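J.: Questions regarding the structure given below will be posed in turn.
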Amino acid sequence: MTPTFRRATAADVPAAARTLAAAFHDYPWTRWAVPEDDYPERLAALQEIYLEHALAHGIVVVHDPADAVVALMPPDAPAPPGDVQERVAALHGPRLQAVAAAELPPPPPDAWTLATVGVLPSLQGTGRGSAVCRAALRDPALGDAPVALETSDARNVTFYERLGFVRTATTQVHDGPVVHTDSYTPLRDDEPPEARRMRG
């Protein structure tokens, strides 16, 4: 059966958030940024908030039935409303100050951001993650804009390289994880695949 990838709707958000929370359960950044107290519940709530914001202002693509999800945000996406920011701050709790103080390289001003991607743990390694990312990167809304991302799992660097991303920076967050910054620039029709790596 051919996999089905589509733009998410509001009805997909709860299931997609659960997928992301499961996928990020042991992720270095979230383990550092989210308090251990009620960690699974806090993480799921944060993912739902972020997905709702991405659905309103960016691109969210899912593989039915939301067992794989990716969200991208445009460079001109607005900040969440104040009440939403207050909810996010409460969920980060005592970790908020450390998260706010983390200094990472800013994305290029014209770049979209691949904000998150996750696959249910039981389905990881089946190609769903790569496929849902490729589906999102082909979305017409991106045009030929570059895409930037950050990952704190070194294993993900190879995953993103296979998608055409190039590592542009590695940052040791104070008292936190190492964060890898990657970028992706769509190839022009007359460019060989090697050109992307040379640009990086």
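The chains in the structure tokens are called A, B, ... from first to last as shown; in each chain the residues are counted from 1, and the ligands are counted from 1 in the order shown.
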Sort by chain and increasing residue number a table of all residues of stretch 115-173 of chain A within 12 Å of stretch 25-28 of chain A, each with its closest pair of atoms and their distance in Å to one decimal, counting only C-alpha atoms, and write it as JSON lines.
T.:
```
{"residue": "A:Thr116", "atom": "CA", "partner": "A:Tyr27", "partner_atom": "CA", "distance": 11.9}
{"residue": "A:Gly118", "atom": "CA", "partner": "A:His25", "partner_atom": "CA", "distance": 10.7}
{"residue": "A:Val119", "atom": "CA", "partner": "A:His25", "partner_atom": "CA", "distance": 11.5}
{"residue": "A:Leu120", "atom": "CA", "partner": "A:His25", "partner_atom": "CA", "distance": 10.6}
{"residue": "A:Pro121", "atom": "CA", "partner": "A:His25", "partner_atom": "CA", "distance": 9.6}
{"residue": "A:Thr151", "atom": "CA", "partner": "A:Pro28", "partner_atom": "CA", "distance": 9.0}
{"residue": "A:Ser152", "atom": "CA", "partner": "A:Pro28", "partner_atom": "CA", "distance": 6.0}
{"residue": "A:Asp153", "atom": "CA", "partner": "A:Pro28", "partner_atom": "CA", "distance": 6.5}
{"residue": "A:Ala154", "atom": "CA", "partner": "A:Pro28", "partner_atom": "CA", "distance": 9.8}
{"residue": "A:Arg155", "atom": "CA", "partner": "A:Tyr27", "partner_atom": "CA", "distance": 10.9}
{"residue": "A:Asn156", "atom": "CA", "partner": "A:Tyr27", "partner_atom": "CA", "distance": 10.7}
{"residue": "A:Val173", "atom": "CA", "partner": "A:Pro28", "partner_atom": "CA", "distance": 11.4}
```
J.: Could the residues in this selection be saved with N, CA and C atoms as an mmCIF file, in the first residue's frame?
T.:
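Once everything was written out, this is part_18.cif:
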```
data_model
loop_
_atom_site.group_PDB
_atom_site.id
_atom_site.type_symbol
_atom_site.label_atom_id
_atom_site.label_comp_id
_atom_site.auth_asym_id
_atom_site.auth_seq_id
_atom_site.Cartn_x
_atom_site.Cartn_y
_atom_site.Cartn_z
ATOM 1 N N THR A 116 10.072 20.400 14.150
ATOM 2 C CA THR A 116 10.015 19.095 14.797
ATOM 3 C C THR A 116 9.666 18.018 13.790
ATOM 4 N N GLY A 118 8.831 13.588 14.185
ATOM 5 C CA GLY A 118 8.843 12.422 15.059
ATOM 6 C C GLY A 118 8.010 11.290 14.494
ATOM 7 N N VAL A 119 8.396 10.089 14.875
ATOM 8 C CA VAL A 119 7.713 8.863 14.464
ATOM 9 C C VAL A 119 7.486 8.024 15.720
ATOM 10 N N LEU A 120 6.347 7.369 15.801
ATOM 11 C CA LEU A 120 6.115 6.479 16.927
ATOM 12 C C LEU A 120 7.298 5.527 17.090
ATOM 13 N N PRO A 121 7.779 5.331 18.317
ATOM 14 C CA PRO A 121 8.949 4.469 18.520
ATOM 15 C C PRO A 121 8.821 3.088 17.888
ATOM 16 N N THR A 151 19.207 19.968 16.125
ATOM 17 C CA THR A 151 19.002 18.672 16.759
ATOM 18 C C THR A 151 20.051 18.463 17.837
ATOM 19 N N SER A 152 19.634 17.874 18.936
ATOM 20 C CA SER A 152 20.578 17.589 20.018
ATOM 21 C C SER A 152 20.890 16.103 20.107
ATOM 22 N N ASP A 153 20.511 15.353 19.097
ATOM 23 C CA ASP A 153 20.841 13.928 19.029
ATOM 24 C C ASP A 153 21.797 13.730 17.856
ATOM 25 N N ALA A 154 23.026 13.357 18.144
ATOM 26 C CA ALA A 154 24.041 13.223 17.097
ATOM 27 C C ALA A 154 23.623 12.228 16.025
ATOM 28 N N ARG A 155 22.821 11.239 16.387
ATOM 29 C CA ARG A 155 22.378 10.261 15.399
ATOM 30 C C ARG A 155 21.498 10.895 14.326
ATOM 31 N N ASN A 156 20.840 11.989 14.673
ATOM 32 C CA ASN A 156 19.970 12.647 13.708
ATOM 33 C C ASN A 156 20.740 13.372 12.619
ATOM 34 N N VAL A 173 25.610 23.847 24.647
ATOM 35 C CA VAL A 173 24.791 24.696 25.503
ATOM 36 C C VAL A 173 25.324 24.606 26.926
#
```
J.: What residues in stretch 130-197 of chain A get the DSSP label alpha helix (DSSP H)? Please answer as an MDAnalysis selection string.
T.: chainID A and resid 130:137 154:162 194:197
J.: Dump N, CA and C atoms for the selected residues as a PDB file, in the first residue's frame?
T.:
```pdb
ATOM      1  N   SER A 130      11.897   9.772   7.181  1.00  0.00           N
ATOM      2  CA  SER A 130      12.446  10.352   5.947  1.00  0.00           C
ATOM      3  C   SER A 130      11.336  10.718   4.981  1.00  0.00           C
ATOM      4  N   ALA A 131      10.352   9.822   4.852  1.00  0.00           N
ATOM      5  CA  ALA A 131       9.279  10.051   3.888  1.00  0.00           C
ATOM      6  C   ALA A 131       8.415  11.246   4.263  1.00  0.00           C
ATOM      7  N   VAL A 132       8.091  11.386   5.553  1.00  0.00           N
ATOM      8  CA  VAL A 132       7.248  12.509   5.937  1.00  0.00           C
ATOM      9  C   VAL A 132       8.012  13.828   5.795  1.00  0.00           C
ATOM     10  N   CYS A 133       9.321  13.813   6.040  1.00  0.00           N
ATOM     11  CA  CYS A 133      10.132  15.017   5.829  1.00  0.00           C
ATOM     12  C   CYS A 133      10.180  15.394   4.359  1.00  0.00           C
ATOM     13  N   ARG A 134      10.396  14.409   3.504  1.00  0.00           N
ATOM     14  CA  ARG A 134      10.451  14.698   2.064  1.00  0.00           C
ATOM     15  C   ARG A 134       9.117  15.257   1.578  1.00  0.00           C
ATOM     16  N   ALA A 135       8.025  14.703   2.088  1.00  0.00           N
ATOM     17  CA  ALA A 135       6.709  15.208   1.700  1.00  0.00           C
ATOM     18  C   ALA A 135       6.560  16.674   2.098  1.00  0.00           C
ATOM     19  N   ALA A 136       7.017  17.021   3.296  1.00  0.00           N
ATOM     20  CA  ALA A 136       6.912  18.402   3.752  1.00  0.00           C
ATOM     21  C   ALA A 136       7.830  19.326   2.960  1.00  0.00           C
ATOM     22  N   LEU A 137       9.040  18.867   2.661  1.00  0.00           N
ATOM     23  CA  LEU A 137       9.991  19.704   1.927  1.00  0.00           C
ATOM     24  C   LEU A 137       9.553  19.947   0.487  1.00  0.00           C
ATOM     25  N   ALA A 154      23.026  13.357  18.144  1.00  0.00           N
ATOM     26  CA  ALA A 154      24.041  13.223  17.097  1.00  0.00           C
ATOM     27  C   ALA A 154      23.623  12.228  16.025  1.00  0.00           C
ATOM     28  N   ARG A 155      22.821  11.239  16.387  1.00  0.00           N
ATOM     29  CA  ARG A 155      22.378  10.261  15.399  1.00  0.00           C
ATOM     30  C   ARG A 155      21.498  10.895  14.326  1.00  0.00           C
ATOM     31  N   ASN A 156      20.840  11.989  14.673  1.00  0.00           N
ATOM     32  CA  ASN A 156      19.970  12.647  13.708  1.00  0.00           C
ATOM     33  C   ASN A 156      20.740  13.372  12.619  1.00  0.00           C
ATOM     34  N   VAL A 157      22.004  13.690  12.878  1.00  0.00           N
ATOM     35  CA  VAL A 157      22.792  14.407  11.879  1.00  0.00           C
ATOM     36  C   VAL A 157      22.858  13.594  10.594  1.00  0.00           C
ATOM     37  N   THR A 158      23.134  12.306  10.709  1.00  0.00           N
ATOM     38  CA  THR A 158      23.181  11.444   9.524  1.00  0.00           C
ATOM     39  C   THR A 158      21.811  11.351   8.862  1.00  0.00           C
ATOM     40  N   PHE A 159      20.771  11.244   9.669  1.00  0.00           N
ATOM     41  CA  PHE A 159      19.404  11.195   9.141  1.00  0.00           C
ATOM     42  C   PHE A 159      19.131  12.415   8.270  1.00  0.00           C
ATOM     43  N   TYR A 160      19.480  13.603   8.775  1.00  0.00           N
ATOM     44  CA  TYR A 160      19.215  14.819   8.004  1.00  0.00           C
ATOM     45  C   TYR A 160      20.149  14.959   6.809  1.00  0.00           C
ATOM     46  N   GLU A 161      21.358  14.451   6.919  1.00  0.00           N
ATOM     47  CA  GLU A 161      22.263  14.488   5.769  1.00  0.00           C
ATOM     48  C   GLU A 161      21.680  13.706   4.599  1.00  0.00           C
ATOM     49  N   ARG A 162      21.031  12.592   4.901  1.00  0.00           N
ATOM     50  CA  ARG A 162      20.425  11.796   3.828  1.00  0.00           C
ATOM     51  C   ARG A 162      19.285  12.550   3.145  1.00  0.00           C
ATOM     52  N   GLU A 194      25.649  17.095  -5.715  1.00  0.00           N
ATOM     53  CA  GLU A 194      26.833  17.467  -4.944  1.00  0.00           C
ATOM     54  C   GLU A 194      26.877  18.964  -4.647  1.00  0.00           C
ATOM     55  N   ALA A 195      26.107  19.739  -5.411  1.00  0.00           N
ATOM     56  CA  ALA A 195      26.174  21.181  -5.243  1.00  0.00           C
ATOM     57  C   ALA A 195      25.695  21.620  -3.875  1.00  0.00           C
ATOM     58  N   ARG A 196      24.710  20.912  -3.316  1.00  0.00           N
ATOM     59  CA  ARG A 196      24.181  21.293  -2.009  1.00  0.00           C
ATOM     60  C   ARG A 196      25.267  21.201  -0.951  1.00  0.00           C
ATOM     61  N   ARG A 197      26.047  20.125  -0.978  1.00  0.00           N
ATOM     62  CA  ARG A 197      27.108  19.963   0.025  1.00  0.00           C
ATOM     63  C   ARG A 197      28.175  21.035  -0.154  1.00  0.00           C
TER      64      ARG A 197
END
```
J.: Might you pull out every residue within 7 Å of stretch 98-113 of chain A, with only C-alpha atoms counted and same-chain residues fewer than 2 positions away left off, and present them as an NGL selection string?
T.: :A and (33 or 72-75 or 95-96 or 115 or 145-149 or 171 or 173)
J.: Please return as a PyMOL selection string: the residues of stretch 56-200 of chain A that backbone DSSP assigns to strand (DSSP E or B).
T.: chain A and resi 59-63+68-73+112-119+147-151+166-172+178-184
